[in-house]
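Enquirer: Take this structure, written in structure tokens, and hold onto it; I'll ask about it next.
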Amino acid sequence: MPPPLSWIVAIAQFLYNFIVGDDWSVAAAVGIGLILTAVLNVNHIVAWWLIPVIVVLMLGISLRRASQKVR
Amino acid sequence: MTGLWAVLLTTFLASAVEAIEMVTIVVGVGATRGWRSTLIGAASGFGVLAVVVAIGGVALSYIPIGPLRLGIGALLLVFGLQWFRKGIMRVAARGLAGIGGTDPQGDEAELWKGPGMDWTAWFLAFKGVVLEGLEVAIIVVSFGLGAGHLGGAVIGGVGAIVVVGGIGLALHRTVRRIPRSLLQLIVGVLLTTFGTFWALEGLGVEWPGADAAILGLLILYGATALVYITLERNRALGLRPAA
């Protein structure tokens, strides 16, 4: 792969590993949660609780999945 | 026109609230990953802020903070959740051990020992300083111009950053004594807390209690960590909850 392209790929890989890490489902859930929060907020529905709930639930799911992998 | 001392005191206190968040992130990242790259990242953030303030001037108060908060808050939330999860796993597996110990998993929270710059620490410190610093700048410029004492407002804002930063750096040795696995968990909880708060503020969501909601999020996520650590330990020991 020529240098300019390899640099772009390396930067993209760094950003993905840095931001998303080894469990993409947590990042995806947060993204979906933010979209839902925006939709609720636009419709004047109290929405501040949604992301904290998603954080707590996805942590549990991700931890369970990780411990099952170890076994 | 508001009195000079009132401007100084108001901008100092308002800026201190934002500076505490900034210093918490910088000290947490520095104690976890190492200080050199973190301080360079923080200094780079201040450099960017100085340029932004110099160029933007009065127009700074019109930069949309909402999209900025949403973007940086979402990034901080997703990244913070990584540390949060790994911190829970490590504390559950190894208790408070960590400093000087080997790490079987190895990840972003390791103290940086490689040559050159630790770009993860640099980026985290840079983000924290730029986001909170921009808020300080907006407070200082808008309040200073409104009161007719822009110079006094700048002194109040910079003074708050210097005082809070000095306190944070003086206490970092205490932070460094905390076992690394626990420190990773604490920083993960903090990043997730501020990420949650900023991302939703960026969406225009109103938090109950305004800035006091940060404390509520800290308590919720702290309690969540305790529950999951207990569950992970029981799972590792093969225990089942009583029927």
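Residue names in the structure tokens use chain letters A, B, ... in the order shown, residue numbers from 1 in each chain, and ligand numbers from 1 in the order shown.
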As a list in words, please: the residues near Gly159 in chain B (cut-off 9 Å, only C-alpha atoms, same-chain neighbours under 3 positions excluded).
Expert: Phe12, Ser15, Ala16, Val154, Ile155, Gly156, Val162, Val163 and Val164 of chain B
Enquirer: So which residues touch Ser25 in chain A within 12 Å, counting only C-alpha atoms, skipping near sequence neighbours fewer than 4 positions away, as a PyMOL selection string?
Expert: (chain A and resi 20-21+29-33+54-55+57-59+61-63+65) or (chain B and resi 78+81-82)
Enquirer: Could you take the residues named above and write them with all heavy atoms, as a CSV table (one decimal), in the first residue's frame?
Expert:
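As written to disk, selection.csv reads:
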```csv
chain,number,residue,atom,x,y,z
A,20,VAL,N,-13.7,3.5,19.6
A,20,VAL,CA,-14.6,2.4,19.7
A,20,VAL,C,-14.1,1.3,20.6
A,20,VAL,O,-14.8,0.7,21.5
A,20,VAL,CB,-15.0,1.9,18.3
A,20,VAL,CG1,-16.0,0.7,18.5
A,20,VAL,CG2,-15.7,3.0,17.5
A,21,GLY,N,-12.8,0.9,20.4
A,21,GLY,CA,-12.2,-0.2,21.2
A,21,GLY,C,-12.7,-1.5,20.7
A,21,GLY,O,-13.0,-1.7,19.5
A,29,ALA,N,-24.7,1.4,20.5
A,29,ALA,CA,-25.8,1.6,21.4
A,29,ALA,C,-25.9,3.1,21.8
A,29,ALA,O,-26.9,3.7,21.9
A,29,ALA,CB,-25.8,0.7,22.6
A,30,VAL,N,-24.7,3.6,22.1
A,30,VAL,CA,-24.6,5.0,22.5
A,30,VAL,C,-25.0,5.9,21.4
A,30,VAL,O,-25.8,6.9,21.6
A,30,VAL,CB,-23.1,5.4,23.0
A,30,VAL,CG1,-23.0,6.9,23.1
A,30,VAL,CG2,-22.8,4.7,24.3
A,31,GLY,N,-24.6,5.6,20.2
A,31,GLY,CA,-25.0,6.4,19.0
A,31,GLY,C,-26.5,6.4,18.8
A,31,GLY,O,-27.1,7.4,18.6
A,32,ILE,N,-27.1,5.2,18.9
A,32,ILE,CA,-28.5,5.0,18.7
A,32,ILE,C,-29.3,5.8,19.8
A,32,ILE,O,-30.3,6.5,19.6
A,32,ILE,CB,-28.9,3.5,18.7
A,32,ILE,CG1,-28.4,2.9,17.4
A,32,ILE,CG2,-30.5,3.4,18.8
A,32,ILE,CD1,-28.5,1.4,17.4
A,33,GLY,N,-28.7,5.7,21.0
A,33,GLY,CA,-29.3,6.4,22.2
A,33,GLY,C,-29.3,7.9,22.0
A,33,GLY,O,-30.3,8.5,22.4
A,54,ILE,N,-28.9,3.4,29.1
A,54,ILE,CA,-28.2,2.7,28.1
A,54,ILE,C,-26.8,2.3,28.6
A,54,ILE,O,-26.3,1.2,28.4
A,54,ILE,CB,-28.1,3.4,26.7
A,54,ILE,CG1,-29.5,3.4,26.1
A,54,ILE,CG2,-27.1,2.9,25.8
A,54,ILE,CD1,-29.6,4.2,24.8
A,55,VAL,N,-26.1,3.3,29.2
A,55,VAL,CA,-24.8,3.1,29.7
A,55,VAL,C,-24.8,1.9,30.7
A,55,VAL,O,-23.9,1.0,30.6
A,55,VAL,CB,-24.2,4.4,30.4
A,55,VAL,CG1,-23.0,4.1,31.3
A,55,VAL,CG2,-23.9,5.4,29.3
A,57,LEU,N,-27.0,-0.5,31.2
A,57,LEU,CA,-27.4,-1.8,30.6
A,57,LEU,C,-26.3,-2.3,29.7
A,57,LEU,O,-25.9,-3.5,29.7
A,57,LEU,CB,-28.7,-1.6,29.7
A,57,LEU,CG,-30.0,-1.5,30.5
A,57,LEU,CD1,-31.1,-1.3,29.5
A,57,LEU,CD2,-30.2,-2.7,31.4
A,58,MET,N,-25.7,-1.5,28.8
A,58,MET,CA,-24.7,-2.0,27.9
A,58,MET,C,-23.4,-2.4,28.6
A,58,MET,O,-22.7,-3.3,28.2
A,58,MET,CB,-24.4,-0.9,26.9
A,58,MET,CG,-25.4,-0.7,25.8
A,58,MET,SD,-26.0,-2.3,25.0
A,58,MET,CE,-24.5,-2.8,24.2
A,59,LEU,N,-23.1,-1.7,29.7
A,59,LEU,CA,-22.0,-2.1,30.5
A,59,LEU,C,-22.2,-3.6,31.0
A,59,LEU,O,-21.2,-4.4,30.9
A,59,LEU,CB,-21.8,-1.2,31.8
A,59,LEU,CG,-20.8,-0.1,31.7
A,59,LEU,CD1,-20.8,0.6,33.0
A,59,LEU,CD2,-19.4,-0.7,31.5
A,61,ILE,N,-24.1,-5.9,29.7
A,61,ILE,CA,-24.1,-6.9,28.6
A,61,ILE,C,-22.7,-7.1,28.1
A,61,ILE,O,-22.3,-8.2,27.8
A,61,ILE,CB,-25.0,-6.3,27.4
A,61,ILE,CG1,-26.5,-6.3,27.8
A,61,ILE,CG2,-24.8,-7.1,26.1
A,61,ILE,CD1,-27.4,-5.5,26.9
A,62,SER,N,-21.9,-6.0,28.0
A,62,SER,CA,-20.5,-6.1,27.5
A,62,SER,C,-19.7,-6.9,28.5
A,62,SER,O,-18.8,-7.7,28.1
A,62,SER,CB,-20.0,-4.7,27.3
A,62,SER,OG,-18.7,-4.7,26.8
A,63,LEU,N,-19.9,-6.7,29.8
A,63,LEU,CA,-19.1,-7.4,30.8
A,63,LEU,C,-19.4,-8.9,30.7
A,63,LEU,O,-18.5,-9.7,30.8
A,63,LEU,CB,-19.4,-6.8,32.2
A,63,LEU,CG,-18.8,-5.5,32.6
A,63,LEU,CD1,-19.4,-4.9,33.8
A,63,LEU,CD2,-17.3,-5.7,32.8
A,65,ARG,N,-20.5,-10.6,28.2
A,65,ARG,CA,-20.0,-11.1,27.0
A,65,ARG,C,-18.5,-11.4,27.1
A,65,ARG,O,-17.9,-12.4,26.7
A,65,ARG,CB,-20.2,-10.2,25.8
A,65,ARG,CG,-20.1,-10.8,24.4
A,65,ARG,CD,-20.4,-9.7,23.4
A,65,ARG,NE,-21.7,-9.2,23.4
A,65,ARG,CZ,-22.1,-8.0,23.1
A,65,ARG,NH1,-21.2,-7.1,22.7
A,65,ARG,NH2,-23.4,-7.7,23.1
B,78,VAL,N,-18.1,7.4,24.7
B,78,VAL,CA,-17.8,6.1,24.1
B,78,VAL,C,-16.4,5.7,24.6
B,78,VAL,O,-16.2,4.5,25.0
B,78,VAL,CB,-17.8,6.1,22.6
B,78,VAL,CG1,-17.3,4.9,22.0
B,78,VAL,CG2,-19.2,6.4,22.1
B,81,LEU,N,-16.4,4.8,28.4
B,81,LEU,CA,-17.1,3.5,28.6
B,81,LEU,C,-16.1,2.3,28.5
B,81,LEU,O,-16.2,1.3,29.2
B,81,LEU,CB,-18.2,3.3,27.7
B,81,LEU,CG,-19.6,3.8,28.2
B,81,LEU,CD1,-20.6,3.8,27.1
B,81,LEU,CD2,-20.1,2.9,29.4
B,82,GLN,N,-15.1,2.5,27.6
B,82,GLN,CA,-14.0,1.5,27.5
B,82,GLN,C,-13.2,1.3,28.8
B,82,GLN,O,-13.0,0.2,29.3
B,82,GLN,CB,-13.0,1.9,26.4
B,82,GLN,CG,-13.4,1.6,25.0
B,82,GLN,CD,-12.2,1.9,24.1
B,82,GLN,OE1,-11.2,1.1,24.1
B,82,GLN,NE2,-12.3,2.9,23.3
```
Enquirer: When you look at range 216-219 of chain B with a cut-off of 8 Å (counting only C-alpha atoms), what residues show up, excluding the ones that are within fewer than 6 positions of it in the same chain? I need them as a list of chain:residue names.
Expert: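 These residues fall inside the cut-off: A:Pro52, B:Val189, B:Leu190, B:Thr193.
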Enquirer: CA of Trp83 in chain B and CA of Phe123 in chain B, how far apart in Å?
Expert: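 Atom-to-atom, CA of Phe123 in chain B and CA of Trp83 in chain B are spaced 15.4 Å apart.
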Enquirer: For chain B, list the residues within 9 Å of chain A, counting only C-alpha atoms, and write the list as a PyMOL selection string.
Expert: chain B and resi 74-82+84-86+88-89+108+120+192-193+196-197+199-200+203-208+217+220-221+224+228+232+235-236
Enquirer: When DSSP is applied to the backbone of this structure, which of chain A are assigned alpha helix (DSSP H)? Write them out as a PyMOL selection string.
Expert: chain A and resi 3-19+24-42+50-70
Enquirer: Expressed in Å to a single decimal, how great is the separation between CA of Arg36 in chain B and CA of Met117 in chain B?
Expert: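 Separation between CA of Arg36 in chain B and CA of Met117 in chain B: 8.2 Å.
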